[in-house]
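Here is my_file_5.cif, consisting of mmCIF, C-alpha atoms:
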```
data_work
loop_
_atom_site.group_PDB
_atom_site.id
_atom_site.type_symbol
_atom_site.label_atom_id
_atom_site.label_comp_id
_atom_site.auth_asym_id
_atom_site.auth_seq_id
_atom_site.Cartn_x
_atom_site.Cartn_y
_atom_site.Cartn_z
ATOM 1 C CA MET W 1 68.761 -39.627 -17.662
ATOM 2 C CA ASP W 2 66.231 -40.650 -20.300
ATOM 3 C CA LEU W 3 67.077 -39.160 -23.687
ATOM 4 C CA ASP W 4 63.643 -37.559 -24.044
ATOM 5 C CA SER W 5 63.896 -35.745 -20.721
ATOM 6 C CA VAL W 6 66.269 -33.185 -22.283
ATOM 7 C CA CYS W 7 64.564 -30.284 -24.054
ATOM 8 C CA LEU W 8 66.379 -28.854 -27.096
ATOM 9 C CA GLU W 9 65.883 -25.330 -28.428
ATOM 10 C CA LEU W 10 67.141 -24.055 -31.797
ATOM 11 C CA ASP W 11 68.025 -20.452 -32.694
ATOM 12 C CA GLU W 12 68.567 -20.192 -36.455
ATOM 13 C CA GLY W 13 69.881 -16.623 -36.354
ATOM 14 C CA PRO W 14 73.536 -15.731 -37.059
ATOM 15 C CA GLN W 15 75.950 -16.533 -34.243
ATOM 16 C CA LEU W 16 79.438 -15.034 -34.258
ATOM 17 C CA ALA W 17 82.465 -16.721 -32.672
ATOM 18 C CA GLU W 18 85.342 -14.753 -31.211
ATOM 19 C CA ILE W 19 87.887 -17.476 -32.044
ATOM 20 C CA THR W 20 87.893 -19.148 -35.487
ATOM 21 C CA GLY W 21 91.269 -20.902 -35.794
ATOM 22 C CA ALA W 22 92.592 -18.377 -38.325
ATOM 23 C CA GLU W 23 94.391 -16.360 -35.649
ATOM 24 C CA GLY W 24 98.136 -15.832 -35.741
ATOM 25 C CA GLU W 25 98.520 -18.156 -32.757
ATOM 26 C CA THR W 26 97.652 -21.130 -35.012
ATOM 27 C CA ALA W 27 100.353 -20.350 -37.592
ATOM 28 C CA PRO W 28 102.709 -23.110 -36.336
ATOM 29 C CA VAL W 29 100.092 -25.790 -37.126
ATOM 30 C CA ARG W 30 99.119 -24.420 -40.550
ATOM 31 C CA PRO W 31 101.469 -25.515 -43.376
ATOM 32 C CA LEU W 32 102.658 -23.128 -46.071
ATOM 33 C CA ARG W 33 100.473 -22.869 -49.178
ATOM 34 C CA VAL W 34 103.222 -21.038 -51.074
ATOM 35 C CA PRO W 35 106.575 -19.739 -49.790
ATOM 36 C CA GLY W 36 105.901 -17.283 -47.011
ATOM 37 C CA LEU W 37 102.115 -17.752 -47.001
ATOM 38 C CA ALA W 38 100.343 -20.340 -44.829
ATOM 39 C CA PHE W 39 96.933 -21.884 -45.385
ATOM 40 C CA GLU W 40 94.275 -19.729 -43.721
ATOM 41 C CA THR W 41 92.924 -22.575 -41.565
ATOM 42 C CA TYR W 42 93.813 -26.122 -40.563
ATOM 43 C CA SER W 43 90.884 -27.586 -42.523
ATOM 44 C CA ALA W 44 91.988 -25.763 -45.685
ATOM 45 C CA ALA W 45 95.420 -27.394 -45.391
ATOM 46 C CA VAL W 46 93.938 -30.870 -44.904
ATOM 47 C CA LYS W 47 91.489 -30.415 -47.779
ATOM 48 C CA HIS W 48 94.225 -29.440 -50.253
ATOM 49 C CA LEU W 49 97.129 -31.588 -49.055
ATOM 50 C CA ASP W 50 95.824 -34.895 -47.689
ATOM 51 C CA PRO W 51 92.028 -35.187 -47.314
ATOM 52 C CA PRO W 52 90.585 -38.387 -45.818
ATOM 53 C CA GLN W 53 87.717 -40.141 -47.560
ATOM 54 C CA LEU W 54 85.102 -38.303 -45.488
ATOM 55 C CA PHE W 55 85.876 -34.607 -45.276
ATOM 56 C CA GLU W 56 83.015 -32.145 -45.743
ATOM 57 C CA SER W 57 82.079 -28.962 -43.923
ATOM 58 C CA ARG W 58 78.472 -29.950 -43.298
ATOM 59 C CA PRO W 59 75.942 -27.754 -41.452
ATOM 60 C CA SER W 60 76.044 -28.594 -37.745
ATOM 61 C CA TYR W 61 74.253 -27.693 -34.543
ATOM 62 C CA ARG W 62 76.245 -25.347 -32.323
ATOM 63 C CA TYR W 63 75.861 -25.428 -28.544
ATOM 64 C CA LEU W 64 74.812 -22.018 -27.183
ATOM 65 C CA GLY W 65 73.982 -22.683 -23.545
ATOM 66 C CA GLY W 66 72.092 -24.706 -20.965
ATOM 67 C CA THR W 67 73.032 -27.828 -19.017
ATOM 68 C CA VAL W 68 72.104 -31.487 -19.002
ATOM 69 C CA THR W 69 71.152 -31.308 -15.316
ATOM 70 C CA SER W 70 68.708 -28.470 -15.990
ATOM 71 C CA GLY W 71 67.101 -30.562 -18.731
ATOM 72 C CA ALA W 72 67.486 -27.862 -21.392
ATOM 73 C CA LEU W 73 70.150 -27.250 -24.057
ATOM 74 C CA GLY W 74 70.202 -24.390 -26.548
ATOM 75 C CA PHE W 75 71.693 -24.659 -30.031
ATOM 76 C CA GLY W 76 72.388 -22.492 -33.051
ATOM 77 C CA LEU W 77 73.926 -23.273 -36.444
ATOM 78 C CA ALA W 78 77.517 -23.518 -37.654
ATOM 79 C CA SER W 79 79.636 -25.683 -39.971
ATOM 80 C CA TYR W 80 81.771 -28.725 -39.186
ATOM 81 C CA PHE W 81 85.032 -27.013 -40.155
ATOM 82 C CA ASP W 82 84.326 -24.293 -37.570
ATOM 83 C CA LYS W 83 84.925 -27.027 -35.018
ATOM 84 C CA LEU W 84 87.858 -28.685 -36.771
ATOM 85 C CA ASP W 85 89.836 -25.484 -37.264
ATOM 86 C CA VAL W 86 89.964 -24.916 -33.516
ATOM 87 C CA SER W 87 90.034 -28.416 -32.025
ATOM 88 C CA GLU W 88 92.689 -29.897 -34.304
ATOM 89 C CA ALA W 89 94.894 -26.817 -34.007
ATOM 90 C CA LEU W 90 94.703 -27.188 -30.223
ATOM 91 C CA ALA W 91 95.656 -30.860 -30.408
ATOM 92 C CA HIS W 92 98.686 -30.270 -32.636
ATOM 93 C CA GLU W 93 99.823 -27.300 -30.574
ATOM 94 C CA LEU W 94 99.779 -29.379 -27.391
ATOM 95 C CA ALA W 95 101.489 -32.327 -29.087
ATOM 96 C CA ALA W 96 104.270 -30.076 -30.354
ATOM 97 C CA ALA W 97 104.724 -28.523 -26.908
ATOM 98 C CA CYS W 98 104.926 -31.930 -25.238
ATOM 99 C CA LEU W 99 107.495 -33.131 -27.776
ATOM 100 C CA ALA W 100 109.590 -30.014 -27.286
ATOM 101 C CA HIS W 101 109.286 -30.048 -23.484
ATOM 102 C CA PRO W 102 108.832 -33.628 -22.229
ATOM 103 C CA THR W 103 107.402 -33.287 -18.735
ATOM 104 C CA ALA W 104 104.846 -34.812 -16.415
ATOM 105 C CA ASP W 105 104.071 -31.376 -14.992
ATOM 106 C CA VAL W 106 101.492 -29.678 -17.208
ATOM 107 C CA SER W 107 102.179 -26.307 -15.604
ATOM 108 C CA ALA W 108 105.656 -26.434 -17.176
ATOM 109 C CA LEU W 109 104.007 -25.935 -20.573
ATOM 110 C CA ARG W 110 102.707 -22.496 -19.616
ATOM 111 C CA GLY W 111 103.729 -20.034 -22.295
ATOM 112 C CA SER W 112 104.115 -22.821 -24.889
ATOM 113 C CA LEU W 113 100.402 -22.956 -25.756
ATOM 114 C CA PRO W 114 99.480 -19.516 -27.140
ATOM 115 C CA PHE W 115 96.340 -20.703 -28.943
ATOM 116 C CA ARG W 116 95.038 -22.571 -25.889
ATOM 117 C CA GLU W 117 95.679 -19.515 -23.745
ATOM 118 C CA LEU W 118 93.890 -17.316 -26.295
ATOM 119 C CA ILE W 119 90.739 -19.446 -26.007
ATOM 120 C CA GLY W 120 90.544 -19.083 -22.243
ATOM 121 C CA ASP W 121 87.431 -20.651 -20.687
ATOM 122 C CA PRO W 122 86.774 -23.814 -22.738
ATOM 123 C CA PHE W 123 83.119 -23.861 -21.633
ATOM 124 C CA ASP W 124 82.311 -20.373 -22.995
ATOM 125 C CA PRO W 125 80.028 -20.947 -26.042
ATOM 126 C CA ALA W 126 80.525 -17.369 -27.278
ATOM 127 C CA ARG W 127 84.305 -17.687 -27.391
ATOM 128 C CA ARG W 128 84.343 -20.419 -30.041
ATOM 129 C CA ALA W 129 81.914 -22.643 -31.958
ATOM 130 C CA ILE W 130 81.228 -25.612 -29.660
ATOM 131 C CA ILE W 131 79.785 -28.203 -32.050
ATOM 132 C CA PRO W 132 79.039 -31.499 -30.281
ATOM 133 C CA ALA W 133 79.165 -34.985 -31.671
ATOM 134 C CA ILE W 134 76.860 -37.713 -30.367
ATOM 135 C CA THR W 135 78.696 -40.842 -29.256
ATOM 136 C CA THR W 136 76.541 -43.873 -28.449
ATOM 137 C CA LEU W 137 77.521 -46.995 -26.556
ATOM 138 C CA THR W 138 75.324 -49.846 -27.837
ATOM 139 C CA ILE W 139 74.740 -52.626 -25.299
ATOM 140 C CA ARG W 140 73.120 -55.865 -26.406
ATOM 141 C CA LEU W 141 71.346 -57.883 -23.719
ATOM 142 C CA ARG W 142 72.386 -61.442 -24.586
ATOM 143 C CA ARG W 143 70.352 -64.478 -23.583
ATOM 144 C CA PHE W 144 71.302 -65.947 -20.218
ATOM 145 C CA PRO W 145 73.887 -67.127 -19.281
ATOM 146 C CA ALA W 146 75.816 -65.003 -21.815
ATOM 147 C CA PRO W 147 76.783 -61.569 -20.449
ATOM 148 C CA PRO W 148 75.637 -58.411 -22.222
ATOM 149 C CA SER W 149 77.951 -57.221 -24.988
ATOM 150 C CA PHE W 150 78.774 -53.867 -26.572
ATOM 151 C CA LEU W 151 79.680 -52.835 -30.107
ATOM 152 C CA LEU W 152 83.252 -51.695 -30.691
ATOM 153 C CA HIS W 153 84.596 -49.854 -33.731
ATOM 154 C CA TRP W 154 88.123 -49.370 -35.077
ATOM 155 C CA ARG W 155 88.476 -46.063 -36.929
ATOM 156 C CA ASP W 156 90.458 -46.390 -40.160
ATOM 157 C CA PRO W 157 93.000 -43.526 -40.536
ATOM 158 C CA SER W 158 92.485 -43.440 -44.307
ATOM 159 C CA ARG W 159 88.760 -42.842 -43.932
ATOM 160 C CA VAL W 160 88.256 -40.415 -41.039
ATOM 161 C CA ALA W 161 89.427 -36.906 -40.208
ATOM 162 C CA THR W 162 89.568 -37.266 -36.408
ATOM 163 C CA ALA W 163 90.215 -39.980 -33.792
ATOM 164 C CA ALA W 164 91.994 -42.093 -36.393
ATOM 165 C CA GLY W 165 93.632 -45.425 -35.587
ATOM 166 C CA VAL W 166 91.822 -45.887 -32.271
ATOM 167 C CA TYR W 167 88.845 -47.827 -30.948
ATOM 168 C CA ASP W 168 85.513 -46.169 -30.262
ATOM 169 C CA VAL W 169 81.996 -47.221 -29.413
ATOM 170 C CA ILE W 170 79.480 -47.202 -32.230
ATOM 171 C CA PRO W 171 77.607 -45.366 -33.600
ATOM 172 C CA ALA W 172 79.202 -41.943 -33.316
ATOM 173 C CA GLY W 173 78.686 -38.879 -35.454
ATOM 174 C CA GLU W 174 78.311 -35.133 -35.518
ATOM 175 C CA PHE W 175 75.049 -33.609 -34.301
ATOM 176 C CA GLN W 176 73.965 -32.085 -37.605
ATOM 177 C CA PRO W 177 71.141 -31.916 -40.143
ATOM 178 C CA SER W 178 71.136 -34.627 -42.782
ATOM 179 C CA SER W 179 71.574 -32.112 -45.612
ATOM 180 C CA MET W 180 72.171 -28.446 -46.387
ATOM 181 C CA GLY W 181 68.441 -27.968 -47.037
ATOM 182 C CA LEU W 182 66.781 -25.349 -44.854
ATOM 183 C CA TRP W 183 63.890 -27.765 -44.265
ATOM 184 C CA ASP W 184 66.208 -30.256 -42.558
ATOM 185 C CA ARG W 185 67.381 -27.889 -39.828
ATOM 186 C CA ARG W 186 64.302 -28.528 -37.711
ATOM 187 C CA ASN W 187 63.254 -31.874 -39.170
ATOM 188 C CA ASP W 188 66.553 -33.408 -37.992
ATOM 189 C CA PHE W 189 66.895 -31.398 -34.760
ATOM 190 C CA SER W 190 66.611 -34.404 -32.452
ATOM 191 C CA LEU W 191 69.181 -36.485 -30.609
ATOM 192 C CA TRP W 192 67.230 -39.680 -31.282
ATOM 193 C CA ARG W 193 66.784 -39.020 -35.007
ATOM 194 C CA ASN W 194 70.493 -38.256 -35.328
ATOM 195 C CA MET W 195 71.381 -41.483 -33.513
ATOM 196 C CA VAL W 196 69.064 -43.605 -35.673
ATOM 197 C CA ARG W 197 70.620 -42.178 -38.844
ATOM 198 C CA GLU W 198 74.050 -43.159 -37.517
ATOM 199 C CA TYR W 199 72.818 -46.674 -36.725
ATOM 200 C CA SER W 200 71.590 -46.985 -40.290
ATOM 201 C CA GLU W 201 74.900 -45.829 -41.757
ATOM 202 C CA GLU W 202 77.544 -47.257 -39.403
ATOM 203 C CA VAL W 203 75.920 -50.476 -38.184
ATOM 204 C CA LEU W 204 73.835 -51.552 -41.188
ATOM 205 C CA GLY W 205 76.112 -50.015 -43.821
ATOM 206 C CA HIS W 206 73.357 -48.075 -45.592
ATOM 207 C CA PRO W 207 74.398 -45.072 -47.711
ATOM 208 C CA GLU W 208 75.061 -41.942 -45.696
ATOM 209 C CA HIS W 209 72.518 -39.140 -45.656
ATOM 210 C CA ASP W 210 74.994 -36.885 -47.390
ATOM 211 C CA GLY W 211 72.867 -33.930 -48.393
ATOM 212 C CA THR W 212 72.129 -35.096 -51.949
ATOM 213 C CA ARG W 213 68.384 -35.418 -51.339
ATOM 214 C CA SER W 214 65.976 -32.596 -52.211
ATOM 215 C CA VAL W 215 63.317 -33.640 -49.695
ATOM 216 C CA PRO W 216 63.485 -34.123 -45.902
ATOM 217 C CA ILE W 217 63.636 -37.577 -44.346
ATOM 218 C CA ASP W 218 60.118 -38.890 -43.751
ATOM 219 C CA TYR W 219 60.741 -40.347 -40.297
ATOM 220 C CA ALA W 220 57.077 -41.292 -39.882
ATOM 221 C CA ASN W 221 57.338 -43.708 -42.821
ATOM 222 C CA TRP W 222 60.987 -44.810 -42.534
ATOM 223 C CA SER W 223 60.614 -48.470 -41.529
ATOM 224 C CA PHE W 224 63.992 -48.725 -39.747
ATOM 225 C CA TYR W 225 63.255 -45.634 -37.660
ATOM 226 C CA GLN W 226 59.780 -46.919 -36.860
ATOM 227 C CA GLN W 227 61.114 -50.329 -35.801
ATOM 228 C CA LEU W 228 63.621 -48.861 -33.363
ATOM 229 C CA SER W 229 61.162 -46.298 -32.019
ATOM 230 C CA ALA W 230 58.430 -48.909 -31.539
ATOM 231 C CA ALA W 231 60.842 -51.179 -29.653
ATOM 232 C CA ARG W 232 61.792 -48.200 -27.513
ATOM 233 C CA ALA W 233 58.143 -47.461 -26.751
ATOM 234 C CA GLN W 234 57.739 -51.099 -25.645
ATOM 235 C CA GLY W 235 60.756 -50.897 -23.333
ATOM 236 C CA LYS W 236 62.798 -53.339 -25.411
ATOM 237 C CA VAL W 237 65.165 -50.518 -26.362
ATOM 238 C CA THR W 238 66.182 -47.823 -23.888
ATOM 239 C CA ALA W 239 68.146 -44.660 -24.664
ATOM 240 C CA HIS W 240 69.879 -42.547 -22.026
ATOM 241 C CA LEU W 241 72.054 -39.446 -21.909
ATOM 242 C CA LEU W 242 75.130 -39.980 -19.741
ATOM 243 C CA GLY W 243 76.548 -36.469 -19.916
ATOM 244 C CA PHE W 244 78.006 -33.670 -22.021
ATOM 245 C CA GLY W 245 81.789 -33.388 -21.994
ATOM 246 C CA LEU W 246 84.850 -31.838 -23.609
ATOM 247 C CA ASP W 247 87.866 -33.807 -24.804
ATOM 248 C CA ALA W 248 90.882 -32.676 -22.766
ATOM 249 C CA LEU W 249 93.209 -32.694 -25.795
ATOM 250 C CA THR W 250 91.071 -30.990 -28.445
ATOM 251 C CA LEU W 251 88.269 -29.390 -26.373
ATOM 252 C CA ALA W 252 85.865 -31.028 -28.853
ATOM 253 C CA ALA W 253 82.426 -31.509 -27.310
ATOM 254 C CA THR W 254 80.450 -34.750 -27.166
ATOM 255 C CA LEU W 255 76.981 -35.714 -26.000
ATOM 256 C CA LEU W 256 77.535 -39.110 -24.348
ATOM 257 C CA THR W 257 74.682 -41.590 -24.791
ATOM 258 C CA VAL W 258 73.948 -45.281 -24.255
ATOM 259 C CA VAL W 259 71.349 -47.509 -25.927
ATOM 260 C CA VAL W 260 70.422 -50.890 -24.421
ATOM 261 C CA ILE W 261 68.759 -53.385 -26.793
ATOM 262 C CA ASP W 262 67.041 -56.686 -25.977
ATOM 263 C CA ASP W 263 68.575 -59.696 -27.709
ATOM 264 C CA ASP W 264 65.532 -60.582 -29.835
ATOM 265 C CA VAL W 265 65.129 -56.998 -31.026
ATOM 266 C CA PHE W 266 68.837 -56.793 -31.852
ATOM 267 C CA ASP W 267 68.636 -59.965 -33.962
ATOM 268 C CA GLU W 268 65.563 -58.704 -35.768
ATOM 269 C CA ILE W 269 66.790 -55.183 -36.530
ATOM 270 C CA PHE W 270 70.586 -55.581 -36.668
ATOM 271 C CA GLY W 271 70.900 -59.197 -37.780
ATOM 272 C CA THR W 272 72.476 -58.075 -41.071
ATOM 273 C CA MET W 273 74.911 -55.578 -39.550
ATOM 274 C CA VAL W 274 78.156 -55.066 -41.452
ATOM 275 C CA GLN W 275 81.714 -55.674 -40.272
ATOM 276 C CA PHE W 276 83.198 -52.895 -42.448
ATOM 277 C CA ASN W 277 81.652 -49.460 -42.927
ATOM 278 C CA GLU W 278 82.651 -46.080 -44.359
ATOM 279 C CA GLU W 279 84.746 -45.230 -41.287
ATOM 280 C CA GLY W 280 86.413 -48.489 -40.295
ATOM 281 C CA GLU W 281 85.703 -51.963 -38.898
ATOM 282 C CA VAL W 282 83.331 -53.307 -36.249
ATOM 283 C CA VAL W 283 85.370 -55.702 -34.120
ATOM 284 C CA SER W 284 84.552 -58.501 -31.700
ATOM 285 C CA ILE W 285 86.329 -60.906 -29.391
ATOM 286 C CA GLY W 286 88.054 -63.893 -31.002
ATOM 287 C CA ASP W 287 86.447 -65.190 -34.188
ATOM 288 C CA GLY W 288 82.986 -63.871 -33.328
ATOM 289 C CA ARG W 289 80.718 -61.994 -35.708
ATOM 290 C CA ALA W 290 80.582 -58.207 -35.563
ATOM 291 C CA ALA W 291 77.102 -58.493 -34.039
ATOM 292 C CA ASP W 292 78.511 -60.490 -31.108
ATOM 293 C CA GLY W 293 80.500 -57.487 -29.936
ATOM 294 C CA VAL W 294 82.672 -57.437 -26.825
ATOM 295 C CA PRO W 295 81.458 -58.784 -23.451
ATOM 296 C CA PHE W 296 80.222 -55.968 -21.217
ATOM 297 C CA THR W 297 82.171 -57.284 -18.244
ATOM 298 C CA GLU W 298 84.564 -55.696 -15.769
ATOM 299 C CA GLU W 299 87.506 -57.454 -17.433
ATOM 300 C CA SER W 300 86.673 -56.146 -20.935
ATOM 301 C CA VAL W 301 85.784 -52.649 -19.781
ATOM 302 C CA THR W 302 88.988 -52.353 -17.750
ATOM 303 C CA ARG W 303 91.080 -53.595 -20.666
ATOM 304 C CA MET W 304 89.561 -51.056 -23.080
ATOM 305 C CA LEU W 305 89.975 -48.184 -20.627
ATOM 306 C CA GLU W 306 93.491 -49.004 -19.461
ATOM 307 C CA ALA W 307 95.297 -51.051 -22.110
ATOM 308 C CA GLU W 308 93.873 -50.200 -25.540
ATOM 309 C CA PRO W 309 93.950 -46.999 -27.659
ATOM 310 C CA MET W 310 90.448 -45.693 -27.061
ATOM 311 C CA ALA W 311 88.835 -42.460 -28.229
ATOM 312 C CA ALA W 312 88.079 -40.251 -25.230
ATOM 313 C CA PRO W 313 84.285 -39.962 -25.823
ATOM 314 C CA GLY W 314 83.935 -43.728 -26.248
ATOM 315 C CA ALA W 315 86.006 -44.325 -23.127
ATOM 316 C CA ALA W 316 83.783 -41.896 -21.211
ATOM 317 C CA CYS W 317 80.619 -43.677 -22.392
ATOM 318 C CA LEU W 318 82.048 -47.039 -21.416
ATOM 319 C CA ALA W 319 83.228 -45.890 -17.984
ATOM 320 C CA LEU W 320 79.969 -44.117 -17.147
ATOM 321 C CA ALA W 321 77.803 -46.981 -18.401
ATOM 322 C CA TRP W 322 79.771 -49.438 -16.265
ATOM 323 C CA GLN W 323 79.410 -47.141 -13.285
ATOM 324 C CA HIS W 324 75.629 -47.033 -13.789
ATOM 325 C CA ARG W 325 75.216 -50.593 -15.118
ATOM 326 C CA HIS W 326 72.711 -51.607 -12.420
ATOM 327 C CA SER W 327 70.406 -48.755 -13.455
ATOM 328 C CA LEU W 328 70.839 -49.414 -17.171
ATOM 329 C CA ILE W 329 70.526 -53.196 -17.017
ATOM 330 C CA SER W 330 67.973 -54.467 -14.513
#
```
Show me the file's structure as structure tokens.
Amino acid sequence: MDLDSVCLELDEGPQLAEITGAEGETAPVRPLRVPGLAFETYSAAVKHLDPPQLFESRPSYRYLGGTVTSGALGFGLASYFDKLDVSEALAHELAAACLAHPTADVSALRGSLPFRELIGDPFDPARRAIIPAITTLTIRLRRFPAPPSFLLHWRDPSRVATAAGVYDVIPAGEFQPSSMGLWDRRNDFSLWRNMVREYSEEVLGHPEHDGTRSVPIDYANWSFYQQLSAARAQGKVTAHLLGFGLDALTLAATLLTVVVIDDDVFDEIFGTMVQFNEEGEVVSIGDGRAADGVPFTEESVTRMLEAEPMAAPGAACLALAWQHRHSLIS
């Protein structure tokens, strides 16, 4: 569905979560801070023992209710570590259980996942802070006879806190304000604005909007934003929402999107895109430039989904976009 067909509502009031990741059930995945005393949360352990280059508990938008099919999604406010403390604890708990009890039958793990069982319904937004990321598959419409291509990213383990050492589509980032400023909560409360900021940072290599500014982003006069938005208004760039899903391992939420860009617009706006960014490397087939990407063909899509280490949200975007390719690319 078109990105703009989804209505977003923001409630800035306090929102409690029943599960925070500090429960006793997470003790096995929280290292000791001193003998006999564990770190209070998973993020506290990472921050003090082995933080990656990017590791900040930034303000984030928290999903409160609604569905994509209804065309309305409600959000509140939370912090990034609220998400990490639950999702990463879940992942490590499951990994430990699988190592201790190798089995193809998931039901055999019952009783070995106390934290997962404590959470219960993974779709209950009151039970825990569901803080979605926005993952975007970027498809470039190449000039005939070249097939369309898509941008592919390798996430450097030394630079990122999650999904390290795997491929993902690009750009991808948390759905969050650009700073801690109260004025940015509503100014940045837009899927499209969030996606454009990620394009600026991950594809063009511009400095991240890291909260050091004292004024909100002036989208009306930001030339890069205006270029992309104008091309979208002309139909040379299209943006769609593919769905809203949870990662089966971590229960982390992602809004799955796809942006299709005409070749001439891509050259004009992204002609100077970088190969290396703050989170890893943009890769392509053979000796091609980063901007050439990977052919959006059945062979390439199948290989990424079945034979390569691929982040779950990126794999979902790729699979859904291929399924709906005739609607996306006419």
Which is closer to Phe55 of chain W than all the others in W:Phe150, W:Ile130, W:Ser158, W:Val237, using only C-alpha atoms?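 Closest to Phe55 of chain W, using only C-alpha atoms: W:Ser158.
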Once the PyMOL selection byres ((chain W and resi 140) around 12) has been applied to the shown file, what residues remain in the selection, as a count of residues only? 37
Evaluate the PyMOL selection byres ((chain W and resi 34-44) around 7) here and jot the selected residues down as a list in words.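 That expression, the PyMOL selection byres ((chain W and resi 34-44) around 7), corresponds here to Gly21, Ala22, Arg30, Pro31, Leu32, Arg33, Ala45, Val46, Lys47, His48, Phe81, Leu84, Asp85 and Ala89 of chain W.
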Tell me, in Å to one decimal, how far atom CA of Leu90 of chain W is from atom CA of Glu18 of chain W.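 About the pair atom CA of Leu90 of chain W and atom CA of Glu18 of chain W: they are 15.6 Å apart.
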Which residue, W:Ile119, W:Leu246, W:Met304, W:Ala315, has the smallest gap to Ile19 of chain W when you use only C-alpha atoms?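 Using only C-alpha atoms, the shortest distance to Ile19 of chain W belongs to W:Ile119.
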Can you tell me how far atom CA of Ser223 of chain W sits from atom CA of Val282 of chain W, in Å to one decimal?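 It comes out at 23.8 Å.
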Interatomic distance between atom CA of Ser178 of chain W and atom CA of His209 of chain W? 5.5 Å
Taking all atoms listed in the file into account, which of W:Leu318, W:Ala133, W:Met310, W:Leu305 comes nearest Leu255 of chain W?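 Selected residue with least distance to Leu255 of chain W: W:Ala133.
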Output as JSON the centre and edge lengths (Å, one decimal) of the box along x, y and z of the file that holds every listed atom of segment 28-42 of chain W after adding 5 Å on each side.
```
{"center_x": 99.7, "center_y": -21.7, "center_z": -43.7, "size_x": 23.7, "size_y": 18.8, "size_z": 24.7}
```
Of the listed residues W:Ala17, W:Glu308, W:Ser229, W:Val169, that which approaches Ala321 of chain W most closely, counting all atoms listed in the file: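 Under the stated criterion, the closest residue is W:Val169.
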Please determine, counting only C-alpha atoms, which residue among W:Met195, W:Arg58, W:Arg303, W:Cys7 has the shortest atom-to-atom distance to Pro177 of chain W.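 Between W:Met195, W:Arg58, W:Arg303, W:Cys7, the residue approaching Pro177 of chain W most closely is W:Arg58.
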Under the PyMOL selection byres ((chain W and resi 191-194) around 10), which residues of this model are included? Write them out as a PyMOL selection string. chain W and resi 3-4+6+8+133-134+172-178+187-190+195-199+217+219+225+229+239+241+255+257
From the options W:Ala72, W:Leu242, W:Ala220, W:Ala290, which residue's atoms come nearest to Leu320 of chain W, counting only C-alpha atoms?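 Closest residue, counting only C-alpha atoms: W:Leu242.
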Could you list, as a PDB file with C-alpha atoms, keeping the file's coordinate frame, every residue within 9 Å of Phe276 of chain W, counting all atoms listed in the file and ignoring same-chain residues fewer than 5 positions away?
```
ATOM      1  CA  GLU W 202      77.544 -47.257 -39.403  1.00  0.00           C
ATOM      2  CA  VAL W 203      75.920 -50.476 -38.184  1.00  0.00           C
ATOM      3  CA  GLY W 205      76.112 -50.015 -43.821  1.00  0.00           C
ATOM      4  CA  GLU W 281      85.703 -51.963 -38.898  1.00  0.00           C
ATOM      5  CA  VAL W 282      83.331 -53.307 -36.249  1.00  0.00           C
TER       6      VAL W 282
END
```
Please export segment 87-98 of chain W as a PDB file, in the first residue's frame, restricted to N, CA and C atoms.
```pdb
ATOM      1  N   SER W  87      14.512  -7.684  23.490  1.00  0.00           N
ATOM      2  CA  SER W  87      14.724  -8.470  22.270  1.00  0.00           C
ATOM      3  C   SER W  87      16.040  -9.239  22.287  1.00  0.00           C
ATOM      4  N   GLU W  88      17.110  -8.618  22.770  1.00  0.00           N
ATOM      5  CA  GLU W  88      18.391  -9.324  22.782  1.00  0.00           C
ATOM      6  C   GLU W  88      18.427 -10.408  23.860  1.00  0.00           C
ATOM      7  N   ALA W  89      17.762 -10.155  24.979  1.00  0.00           N
ATOM      8  CA  ALA W  89      17.673 -11.195  26.010  1.00  0.00           C
ATOM      9  C   ALA W  89      16.920 -12.412  25.472  1.00  0.00           C
ATOM     10  N   LEU W  90      15.857 -12.169  24.718  1.00  0.00           N
ATOM     11  CA  LEU W  90      15.115 -13.270  24.103  1.00  0.00           C
ATOM     12  C   LEU W  90      15.987 -14.071  23.143  1.00  0.00           C
ATOM     13  N   ALA W  91      16.765 -13.364  22.334  1.00  0.00           N
ATOM     14  CA  ALA W  91      17.608 -14.039  21.343  1.00  0.00           C
ATOM     15  C   ALA W  91      18.657 -14.918  22.021  1.00  0.00           C
ATOM     16  N   HIS W  92      19.309 -14.400  23.041  1.00  0.00           N
ATOM     17  CA  HIS W  92      20.353 -15.168  23.727  1.00  0.00           C
ATOM     18  C   HIS W  92      19.759 -16.331  24.514  1.00  0.00           C
ATOM     19  N   GLU W  93      18.574 -16.124  25.075  1.00  0.00           N
ATOM     20  CA  GLU W  93      17.930 -17.212  25.804  1.00  0.00           C
ATOM     21  C   GLU W  93      17.617 -18.372  24.859  1.00  0.00           C
ATOM     22  N   LEU W  94      17.082 -18.058  23.686  1.00  0.00           N
ATOM     23  CA  LEU W  94      16.747 -19.103  22.725  1.00  0.00           C
ATOM     24  C   LEU W  94      18.007 -19.782  22.189  1.00  0.00           C
ATOM     25  N   ALA W  95      19.045 -18.997  21.928  1.00  0.00           N
ATOM     26  CA  ALA W  95      20.298 -19.578  21.440  1.00  0.00           C
ATOM     27  C   ALA W  95      20.882 -20.548  22.458  1.00  0.00           C
ATOM     28  N   ALA W  96      20.852 -20.148  23.727  1.00  0.00           N
ATOM     29  CA  ALA W  96      21.388 -21.020  24.776  1.00  0.00           C
ATOM     30  C   ALA W  96      20.576 -22.305  24.895  1.00  0.00           C
ATOM     31  N   ALA W  97      19.245 -22.180  24.771  1.00  0.00           N
ATOM     32  CA  ALA W  97      18.390 -23.364  24.861  1.00  0.00           C
ATOM     33  C   ALA W  97      18.633 -24.310  23.695  1.00  0.00           C
ATOM     34  N   CYS W  98      18.830 -23.762  22.513  1.00  0.00           N
ATOM     35  CA  CYS W  98      19.076 -24.606  21.335  1.00  0.00           C
ATOM     36  C   CYS W  98      20.431 -25.302  21.424  1.00  0.00           C
TER      37      CYS W  98
END
```
